[in-house]
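Text of my_file.cif, listed as mmCIF, C-alpha atoms:
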```cif
data_data
loop_
_atom_site.label_atom_id
_atom_site.label_comp_id
_atom_site.auth_asym_id
_atom_site.auth_seq_id
_atom_site.Cartn_x
_atom_site.Cartn_y
_atom_site.Cartn_z
CA MET A 5 3.21 12.11 6.46
CA ASP A 6 5.50 12.50 3.46
CA LYS A 7 8.27 10.54 5.16
CA LEU A 8 5.86 7.73 6.00
CA LEU A 9 4.61 7.60 2.41
CA ASP A 10 8.16 7.71 1.03
CA THR A 11 9.31 4.93 3.35
CA ILE A 12 6.36 2.71 2.40
CA VAL A 13 6.87 3.25 -1.34
CA GLU A 14 10.62 2.56 -1.09
CA ALA A 15 9.97 -0.62 0.89
CA ILE A 16 7.54 -1.83 -1.78
CA ASP A 17 10.08 -1.11 -4.50
CA ASP A 18 12.82 -2.90 -2.55
CA LYS A 19 10.68 -6.06 -2.60
CA LYS A 20 9.84 -5.61 -6.31
CA GLY A 21 6.18 -4.71 -5.91
CA ASP A 22 4.47 -3.80 -9.20
CA ASN A 23 2.37 -0.82 -10.29
CA ILE A 24 2.88 1.27 -7.14
CA ILE A 25 0.46 4.17 -6.82
CA SER A 26 -0.85 6.46 -4.12
CA LEU A 27 -4.25 8.11 -3.98
CA ASP A 28 -4.66 11.39 -2.09
CA LEU A 29 -7.96 11.17 -0.23
CA THR A 30 -7.64 14.37 1.81
CA GLU A 31 -10.36 16.13 -0.19
CA PHE A 32 -12.97 13.44 0.53
CA ASP A 33 -15.20 13.86 3.56
CA GLY A 34 -15.46 10.63 5.49
CA ALA A 35 -12.41 8.96 3.93
CA ILE A 36 -10.88 6.49 6.37
CA CYS A 37 -7.36 7.86 5.80
CA ASP A 38 -5.47 10.56 3.93
CA THR A 39 -3.66 8.28 1.49
CA PHE A 40 -4.07 4.86 -0.06
CA VAL A 41 -0.94 3.14 -1.33
CA ILE A 42 -1.68 0.30 -3.72
CA CYS A 43 0.60 -2.24 -5.37
CA ASN A 44 0.46 -5.79 -6.63
CA ALA A 45 2.63 -8.88 -6.90
CA GLU A 46 2.30 -12.27 -8.55
CA SER A 47 2.76 -14.65 -5.62
CA THR A 48 1.47 -14.91 -2.07
CA THR A 49 5.07 -15.25 -0.91
CA GLN A 50 6.02 -11.93 -2.50
CA ILE A 51 2.92 -10.21 -1.13
CA CYS A 52 3.83 -11.28 2.41
CA SER A 53 7.46 -10.29 1.80
CA ILE A 54 6.36 -6.80 0.72
CA ALA A 55 4.20 -6.46 3.85
CA ASP A 56 7.07 -7.62 6.07
CA GLY A 57 9.45 -5.19 4.33
CA ILE A 58 7.10 -2.27 4.86
CA GLU A 59 6.59 -3.15 8.51
CA GLU A 60 10.35 -3.52 9.12
CA ASP A 61 11.40 -0.36 7.25
CA VAL A 62 8.75 1.89 8.77
CA GLN A 63 9.59 0.62 12.26
CA LYS A 64 13.33 1.07 11.66
CA GLU A 65 13.15 4.50 10.00
CA LEU A 66 10.22 6.12 11.80
CA GLN A 67 9.56 3.97 14.90
CA ILE A 68 5.94 3.53 13.78
CA ARG A 69 4.04 0.26 13.94
CA PRO A 70 0.88 -0.38 11.96
CA TYR A 71 -2.37 -0.23 13.88
CA ARG A 72 -3.50 -3.38 12.15
CA ILE A 73 -2.48 -5.79 9.40
CA GLU A 74 -5.05 -8.02 7.72
CA GLY A 75 -4.68 -10.74 5.10
CA LYS A 76 -1.19 -12.10 5.71
CA GLU A 77 -2.63 -15.50 6.53
CA ASN A 78 -3.76 -15.98 2.92
CA GLY A 79 -1.45 -13.54 1.09
CA ILE A 80 -3.99 -12.60 -1.57
CA TRP A 81 -4.78 -9.07 -0.33
CA VAL A 82 -2.87 -7.59 2.58
CA ALA A 83 -4.11 -4.34 4.12
CA MET A 84 -1.88 -2.37 6.46
CA ASP A 85 -3.31 0.48 8.56
CA TYR A 86 -0.87 3.24 9.48
CA GLY A 87 -3.63 5.68 10.46
CA SER A 88 -3.11 8.39 7.87
CA VAL A 89 -1.88 5.88 5.28
CA MET A 90 -3.54 2.59 4.29
CA VAL A 91 -1.47 0.15 2.24
CA HIS A 92 -3.11 -2.41 -0.05
CA ILE A 93 -0.93 -5.18 -1.46
CA PHE A 94 -2.87 -7.29 -3.94
CA GLN A 95 -2.29 -10.40 -5.95
CA THR A 96 -2.46 -9.06 -9.52
CA GLU A 97 -5.80 -10.66 -10.42
CA MET A 98 -7.41 -9.49 -7.18
CA ARG A 99 -6.25 -5.92 -7.80
CA LYS A 100 -7.98 -5.98 -11.18
CA PHE A 101 -11.14 -7.41 -9.61
CA TYR A 102 -11.44 -4.90 -6.75
CA ALA A 103 -10.18 -1.91 -8.79
CA LEU A 104 -9.72 0.47 -5.85
CA GLU A 105 -8.27 3.06 -8.22
CA ASP A 106 -11.61 3.14 -10.05
CA MET A 107 -13.59 3.48 -6.84
CA TRP A 108 -11.55 6.58 -5.97
CA ALA A 109 -11.21 7.86 -9.55
CA ASP A 110 -11.59 11.50 -8.45
CA ALA A 111 -8.58 11.29 -6.13
CA ASP A 112 -5.21 12.67 -7.16
CA LEU A 113 -3.18 9.67 -8.30
CA THR A 114 0.62 9.42 -8.19
CA ARG A 115 2.44 6.64 -10.04
CA TYR A 116 5.87 5.58 -8.83
CA GLU A 117 8.30 4.45 -11.52
CA PHE A 118 11.64 2.97 -10.56
CA GLU A 119 14.53 1.74 -12.68
#
```

Encoding of this model in structure tokens:
Amino acid sequence: MDKLLDTIVEAIDDKKGDNIISLDLTEFDGAICDTFVICNAESTTQICSIADGIEEDVQKELQIRPYRIEGKENGIWVAMDYGSVMVHIFQTEMRKFYALEDMWADADLTRYEFE
């Protein structure tokens, strides 16, 4: 799973996604996946570009396709299901509103900082 997570995070950074974090959900019974990756962007165009970049890079590097992608039609919140990893790409205001990090506040959180 580490390679999948790394590939997703790098793809987000390549498309200039903001505030990239991952939440380790492995200690939670009933969690729908092992890891949430969350980021945000300012425009719907950038959100869709980030989603496309993730899909392309993961397919190219790992030959894995997402089980499902939701939200690309409106570009406000895109969710990508890779089984063990769920990716959430939010418009900045929507990320603040839904506050997934707060809902999973007990999860181990990793922040990704890039230069």

Under the rule of at most 10 Å, produce a per-residue listing of range 73-106 of chain A near range 46-51 of chain A: chain, number, name, the closest pair of atoms, and the distance in Å, as CSV, using all atoms listed in the file.
```
residue,atom,partner,partner_atom,distance
A:Gly75,CA,A:Ile51,CA,9.8
A:Lys76,CA,A:Ile51,CA,8.2
A:Glu77,CA,A:Thr48,CA,9.5
A:Asn78,CA,A:Thr48,CA,7.3
A:Gly79,CA,A:Thr48,CA,4.5
A:Ile80,CA,A:Thr48,CA,5.9
A:Trp81,CA,A:Ile51,CA,7.8
A:Val82,CA,A:Ile51,CA,7.4
A:His92,CA,A:Ile51,CA,9.9
A:Ile93,CA,A:Ile51,CA,6.3
A:Phe94,CA,A:Ile51,CA,7.1
A:Gln95,CA,A:Glu46,CA,5.6
A:Thr96,CA,A:Glu46,CA,5.8
A:Glu97,CA,A:Glu46,CA,8.5
```

Please return, as a PyMOL selection string, all polymer residues that have at least one atom within 6 Å of the point (-7.1, 7.5, 2.7); use all atoms listed in the file and the file's own coordinate frame.
chain A and resi 29+35-40

Which is closest to Val41 in chain A among A:Ser26, A:Ser88, A:Ser53, A:Gln67, if we use all atoms listed in the file?
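Checking each of A:Ser26, A:Ser88, A:Ser53, A:Gln67 against Val41 in chain A, counting all atoms listed in the file, the winner is A:Ser26.
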
Have a look at CA of Asp61 in chain A and CA of Ala15 in chain A and let me know their distance in Å, one decimal.
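Between CA of Asp61 in chain A and CA of Ala15 in chain A the gap is 6.5 Å.
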
Considering all atoms listed in the file, state which residue in the set A:Ile12, A:Ala111, A:Met98, A:Leu66 is at the smallest distance from Phe32 in chain A.
A:Ala111

Using all atoms listed in the file: which of A:Val91, A:Leu9, A:Ile16, A:Leu104 has the shortest distance to Gly57 in chain A
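Selected residue with least distance to Gly57 in chain A: A:Ile16.
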
Counting all atoms listed in the file, what is within 6 Å of Cys43 in chain A, bar same-chain residues fewer than 4 positions away, as a PDB file with C-alpha atoms, keeping the file's coordinate frame?
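Okay, around_10.pdb is ready:
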```
ATOM      1  CA  ASP A  22       4.470  -3.800  -9.200  1.00  0.00           C
ATOM      2  CA  ASN A  23       2.370  -0.820 -10.290  1.00  0.00           C
ATOM      3  CA  ILE A  24       2.880   1.270  -7.140  1.00  0.00           C
ATOM      4  CA  ILE A  93      -0.930  -5.180  -1.460  1.00  0.00           C
TER       5      ILE A  93
END
```

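Between Asp6 in chain A and the candidates A:Ile58, A:Cys52, A:Ile42, A:Val89, the tightest atom-to-atom separation, counting all atoms listed in the file, involves A:Val89.
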
Considering all atoms listed in the file, can you say which of A:Glu60, A:Asp28, A:Asp18, A:Asp85 comes closest to Ala109 in chain A?
A:Asp28

Point-to-point distance from CA of Asp56 in chain A to CA of Lys19 in chain A, Å rounded to tenths
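Computing the Euclidean distance for CA of Asp56 in chain A and CA of Lys19 in chain A yields 9.5 Å.
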
Name every residue that the PyMOL selection byres ((chain A and resi 117) around 10) selects in this structure, writing the answer as a ChimeraX atom specification with chains first and numbers rising.
/A:17,22-25,114-116,118-119

Have a look at A:Leu113, A:Tyr86, A:Leu27, A:Asp33 and name the one nearest to Arg69 in chain A; count only C-alpha atoms.
A:Tyr86

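As for CA of Asn44 in chain A and CA of Tyr71 in chain A, they are spaced 21.4 Å apart.
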
Taking all listed atoms of range 36-54 of chain A, build the axis-aligned box, pad each of the six sides by 3 Å, then write its centre and edge lengths in Å to one decimal as AutoDock Vina command-line options.
```
--center_x -1.7 --center_y -2.3 --center_z -1.1 --size_x 24.3 --size_y 31.8 --size_z 20.9
```
